[in-house]
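Quick notes on the structure that follows.
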Amino acid sequence: MKERIIIISDLWGREKSEWLINYTRILETKFDILFYDSCELGQIDVANYTQENLHKQFISGGIEKAIDKLVESEKQKVNILAFSIGGTIAWNFGLKTDNIKSLVCVSSTRLRNETERPKGNLELYFGENDEYKPTVEWFENMELEYEILSDKGHQVYCETQFAEHISEKIIKRHHNNVYKK
């Protein structure tokens with residue numbers, strides 16, 4: 001039986017997630033994948049499908065709704081791969097439940113506002129050119145494993161080469177029993 005990994009989308013949700021195939025086609029060889037659409041988790045109204053509108057809804061209660069829905073849905077320790085706002089949702093799910101085996105967050109810039117970290121194996125990735133990435137001091141204070149990717153922006157996670165690299169790294173770590181605790 002394969003271990004589970006859950007994937008949590010960025011603020012666009014399922015609608016603009018064609019890039020996810022670059023992760024799932026690799027990860028599905030070793031994991032059972034469950035996908036969560038951040039918009040569905042947060043009960044976001046996507047009628048006005050603009051970044052500004054979606055972001056505003058997440059900030060004004062959507063993140064909390066999404067966390068609560070995830071807490072309600074996931075009762076066991078899980079491996080999570082999360083993108084942008086999805087990382088904030090996953091991080092806070094971990095703080096509320098202590099149910100994170102591993103969490104890989106990519107471009108989850110709102111984490112810069114967090115003052116406590118969940119338990120579990122945590123890895124964070126940010127593009128060097130993402131103006132909202134946390135500071136080096138924040139990473140050090142939180143005692144996190146992280147990587148700042150040279151010459152990359154916020155949407156580095158949409159790039160095929162990056163997706164393949166991270167997916168292989170997750171599989172390798174899993175194979176080496178790093179996440180099997």
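Ligands are numbered from 1 in the order shown, chains are lettered A, B, ... in the order of the structure tokens, and residues start at 1 in each chain.
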
Would you pick out the contacts of segment 59-72 of chain A at 8 Å or less, using only C-alpha atoms, so that residues sharing its chain but fewer than 5 positions from it are not included, and give the list as a PDB file with N, CA, C and O atoms, in the first residue's frame?
```pdb
ATOM      1  N   SER A  38      -7.654  24.980  -2.950  1.00  0.00           N
ATOM      2  CA  SER A  38      -7.692  25.998  -1.895  1.00  0.00           C
ATOM      3  C   SER A  38      -8.982  26.810  -1.931  1.00  0.00           C
ATOM      4  O   SER A  38      -9.523  27.155  -0.878  1.00  0.00           O
ATOM      5  N   GLU A  40     -11.964  25.800  -2.928  1.00  0.00           N
ATOM      6  CA  GLU A  40     -13.044  24.983  -2.364  1.00  0.00           C
ATOM      7  C   GLU A  40     -12.895  24.877  -0.847  1.00  0.00           C
ATOM      8  O   GLU A  40     -13.881  25.018  -0.120  1.00  0.00           O
ATOM      9  N   LEU A  41     -11.686  24.645  -0.370  1.00  0.00           N
ATOM     10  CA  LEU A  41     -11.455  24.561   1.086  1.00  0.00           C
ATOM     11  C   LEU A  41     -11.904  25.842   1.790  1.00  0.00           C
ATOM     12  O   LEU A  41     -12.507  25.795   2.854  1.00  0.00           O
ATOM     13  N   GLY A  42     -11.580  26.981   1.191  1.00  0.00           N
ATOM     14  CA  GLY A  42     -11.866  28.273   1.811  1.00  0.00           C
ATOM     15  C   GLY A  42     -13.217  28.857   1.470  1.00  0.00           C
ATOM     16  O   GLY A  42     -13.509  29.992   1.834  1.00  0.00           O
ATOM     17  N   GLN A  43     -14.026  28.084   0.733  1.00  0.00           N
ATOM     18  CA  GLN A  43     -15.355  28.551   0.296  1.00  0.00           C
ATOM     19  C   GLN A  43     -15.257  29.909  -0.399  1.00  0.00           C
ATOM     20  O   GLN A  43     -16.017  30.845  -0.106  1.00  0.00           O
ATOM     21  N   ILE A  44     -14.301  29.986  -1.322  1.00  0.00           N
ATOM     22  CA  ILE A  44     -14.055  31.228  -2.058  1.00  0.00           C
ATOM     23  C   ILE A  44     -15.009  31.312  -3.247  1.00  0.00           C
ATOM     24  O   ILE A  44     -15.152  30.355  -4.008  1.00  0.00           O
ATOM     25  N   THR A  88       0.209  28.190   3.574  1.00  0.00           N
ATOM     26  CA  THR A  88      -0.278  28.852   4.786  1.00  0.00           C
ATOM     27  C   THR A  88      -1.378  28.014   5.430  1.00  0.00           C
ATOM     28  O   THR A  88      -1.417  27.843   6.650  1.00  0.00           O
ATOM     29  N   ILE A  89      -2.253  27.473   4.594  1.00  0.00           N
ATOM     30  CA  ILE A  89      -3.336  26.609   5.085  1.00  0.00           C
ATOM     31  C   ILE A  89      -2.737  25.365   5.752  1.00  0.00           C
ATOM     32  O   ILE A  89      -3.105  25.008   6.872  1.00  0.00           O
ATOM     33  N   ALA A  90      -1.791  24.718   5.063  1.00  0.00           N
ATOM     34  CA  ALA A  90      -1.170  23.491   5.584  1.00  0.00           C
ATOM     35  C   ALA A  90      -0.415  23.760   6.887  1.00  0.00           C
ATOM     36  O   ALA A  90      -0.500  22.981   7.841  1.00  0.00           O
ATOM     37  N   ASN A  92      -0.861  26.069   9.162  1.00  0.00           N
ATOM     38  CA  ASN A  92      -1.770  26.299  10.282  1.00  0.00           C
ATOM     39  C   ASN A  92      -2.579  25.050  10.635  1.00  0.00           C
ATOM     40  O   ASN A  92      -2.933  24.860  11.795  1.00  0.00           O
ATOM     41  N   PHE A  93      -2.833  24.199   9.664  1.00  0.00           N
ATOM     42  CA  PHE A  93      -3.420  22.888   9.931  1.00  0.00           C
ATOM     43  C   PHE A  93      -2.480  22.129  10.872  1.00  0.00           C
ATOM     44  O   PHE A  93      -2.915  21.525  11.844  1.00  0.00           O
ATOM     45  N   LYS A  96      -2.618  23.463  14.419  1.00  0.00           N
ATOM     46  CA  LYS A  96      -3.857  23.099  15.117  1.00  0.00           C
ATOM     47  C   LYS A  96      -3.931  21.617  15.469  1.00  0.00           C
ATOM     48  O   LYS A  96      -4.571  21.267  16.454  1.00  0.00           O
ATOM     49  N   THR A  97      -3.336  20.756  14.641  1.00  0.00           N
ATOM     50  CA  THR A  97      -3.568  19.317  14.804  1.00  0.00           C
ATOM     51  C   THR A  97      -2.333  18.499  15.161  1.00  0.00           C
ATOM     52  O   THR A  97      -2.472  17.377  15.611  1.00  0.00           O
TER      53      THR A  97
END
```

Quiz item: Hey, what's within 8 Å of Gln51 of chain A if we count only C-alpha atoms and toss same-chain stuff fewer than 4 positions away? As a list in words, please?
Solution: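 So, after excluding close chain neighbours, the residues are Leu11, Trp12 and His55 of chain A.
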
Quiz prompt | Between atom CA of Thr160 of chain A and atom CA of Val46 of chain A - distance in Å to one decimal | solution = 26.5 Å

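Here atom CA of Asn176 of chain A and atom CA of Glu147 of chain A stand 20.5 Å from one another.
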
Quiz prompt | Distance criterion (only C-alpha atoms): nearest to Asn129 of chain A out of A:Asn99, A:Ser150, A:Asn141, A:Ser17 | solution =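 Of the candidates, the smallest distance to Asn129 of chain A is held by A:Ser150.
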
Quiz item: Quick one: residues within 9 Å of Phe83 of chain A, only C-alpha atoms counted, chain neighbours fewer than 6 positions away excluded, as a list in words?
Solution: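 Contacts, in chain order: Ile7, Ile8, Ser9, Asp10, Leu11, Val104, Cys105, Val106, Ser107, Ser108 and Tyr157 of chain A.
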
May I have the residues from that selection written out with N, CA, C and O atoms, as a PDB file, in the first residue's frame?
```
ATOM      1  N   ILE A   7      -1.910  17.285  -1.743  1.00  0.00           N
ATOM      2  CA  ILE A   7      -1.424  18.464  -2.457  1.00  0.00           C
ATOM      3  C   ILE A   7      -2.470  19.548  -2.294  1.00  0.00           C
ATOM      4  O   ILE A   7      -3.666  19.306  -2.503  1.00  0.00           O
ATOM      5  N   ILE A   8      -2.027  20.729  -1.887  1.00  0.00           N
ATOM      6  CA  ILE A   8      -2.934  21.866  -1.708  1.00  0.00           C
ATOM      7  C   ILE A   8      -2.542  22.951  -2.707  1.00  0.00           C
ATOM      8  O   ILE A   8      -1.393  23.389  -2.740  1.00  0.00           O
ATOM      9  N   SER A   9      -3.512  23.369  -3.499  1.00  0.00           N
ATOM     10  CA  SER A   9      -3.266  24.319  -4.593  1.00  0.00           C
ATOM     11  C   SER A   9      -2.906  25.716  -4.108  1.00  0.00           C
ATOM     12  O   SER A   9      -3.065  26.057  -2.935  1.00  0.00           O
ATOM     13  N   ASP A  10      -2.504  26.539  -5.061  1.00  0.00           N
ATOM     14  CA  ASP A  10      -2.312  27.962  -4.823  1.00  0.00           C
ATOM     15  C   ASP A  10      -3.691  28.641  -4.835  1.00  0.00           C
ATOM     16  O   ASP A  10      -4.719  27.959  -4.883  1.00  0.00           O
ATOM     17  N   LEU A  11      -3.732  29.961  -4.833  1.00  0.00           N
ATOM     18  CA  LEU A  11      -5.017  30.650  -4.725  1.00  0.00           C
ATOM     19  C   LEU A  11      -5.913  30.466  -5.936  1.00  0.00           C
ATOM     20  O   LEU A  11      -7.119  30.678  -5.845  1.00  0.00           O
ATOM     21  N   VAL A 104       6.102  20.266   2.506  1.00  0.00           N
ATOM     22  CA  VAL A 104       6.922  20.994   1.549  1.00  0.00           C
ATOM     23  C   VAL A 104       6.061  22.160   1.057  1.00  0.00           C
ATOM     24  O   VAL A 104       4.993  21.951   0.487  1.00  0.00           O
ATOM     25  N   CYS A 105       6.508  23.373   1.342  1.00  0.00           N
ATOM     26  CA  CYS A 105       5.793  24.584   0.907  1.00  0.00           C
ATOM     27  C   CYS A 105       6.625  25.280  -0.161  1.00  0.00           C
ATOM     28  O   CYS A 105       7.836  25.466   0.009  1.00  0.00           O
ATOM     29  N   VAL A 106       5.954  25.677  -1.228  1.00  0.00           N
ATOM     30  CA  VAL A 106       6.621  26.399  -2.299  1.00  0.00           C
ATOM     31  C   VAL A 106       5.939  27.751  -2.477  1.00  0.00           C
ATOM     32  O   VAL A 106       4.715  27.815  -2.656  1.00  0.00           O
ATOM     33  N   SER A 107       6.712  28.817  -2.375  1.00  0.00           N
ATOM     34  CA  SER A 107       6.238  30.192  -2.558  1.00  0.00           C
ATOM     35  C   SER A 107       5.115  30.570  -1.604  1.00  0.00           C
ATOM     36  O   SER A 107       4.225  31.339  -1.954  1.00  0.00           O
ATOM     37  N   SER A 108       5.151  30.060  -0.401  1.00  0.00           N
ATOM     38  CA  SER A 108       4.122  30.364   0.599  1.00  0.00           C
ATOM     39  C   SER A 108       4.529  31.609   1.382  1.00  0.00           C
ATOM     40  O   SER A 108       4.937  31.543   2.541  1.00  0.00           O
ATOM     41  N   TYR A 157       6.991  27.400  -9.000  1.00  0.00           N
ATOM     42  CA  TYR A 157       6.363  26.077  -8.905  1.00  0.00           C
ATOM     43  C   TYR A 157       5.668  25.634 -10.195  1.00  0.00           C
ATOM     44  O   TYR A 157       5.380  24.455 -10.358  1.00  0.00           O
TER      45      TYR A 157
END
```

Quiz item: atom CA of Asp151 of chain A and atom CA of Phe126 of chain A are how many Å apart?
Solution: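 These two atoms are separated by 10.4 Å.
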
Practice problem: Identify, on the basis of only C-alpha atoms, every residue whose closest approach to segment 19-36 of chain A does not exceed 6 Å; exclude the query and any residue fewer than 6 positions from it along the same chain; express the result as an MDAnalysis selection string. | Solution: chainID A and resid 2:8 158 160 163 167

Exercise. Would you list, as a PyMOL selection string, the residues of chain A that end up in strand (DSSP E or B) under DSSP run on this structure's backbone?
Key: chain A and resi 3-8+31-36+78-83+100-106+121-127+145-149

Quiz item: Just asking: which residues within segment 38-87 of chain A are alpha helix (DSSP H) according to DSSP, as a PyMOL selection string?
Solution: chain A and resi 38-41+51-57+63-73+85-87

Practice problem: Excluding Glu140 of chain A and residues on its chain fewer than 5 positions from it, collect all residues at most 12 Å away from it, counting only C-alpha atoms, and give them as a list in words. | Solution: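 After dropping sequence-adjacent residues, the list is Arg112, Thr115, Arg117, Pro134, Thr135, Glu145 and Tyr146 of chain A.
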
Those same residues, written as a PDB file, in the first residue's frame with C-alpha atoms?
```pdb
ATOM      1  CA  ARG A 112       6.585  35.347   6.835  1.00  0.00           C
ATOM      2  CA  THR A 115       5.599  33.239  14.730  1.00  0.00           C
ATOM      3  CA  ARG A 117       6.155  26.453  13.462  1.00  0.00           C
ATOM      4  CA  PRO A 134      10.416  35.689   4.370  1.00  0.00           C
ATOM      5  CA  THR A 135      13.707  37.146   5.556  1.00  0.00           C
ATOM      6  CA  GLU A 145      15.179  23.950   6.119  1.00  0.00           C
ATOM      7  CA  TYR A 146      14.767  26.242   3.134  1.00  0.00           C
TER       8      TYR A 146
END
```
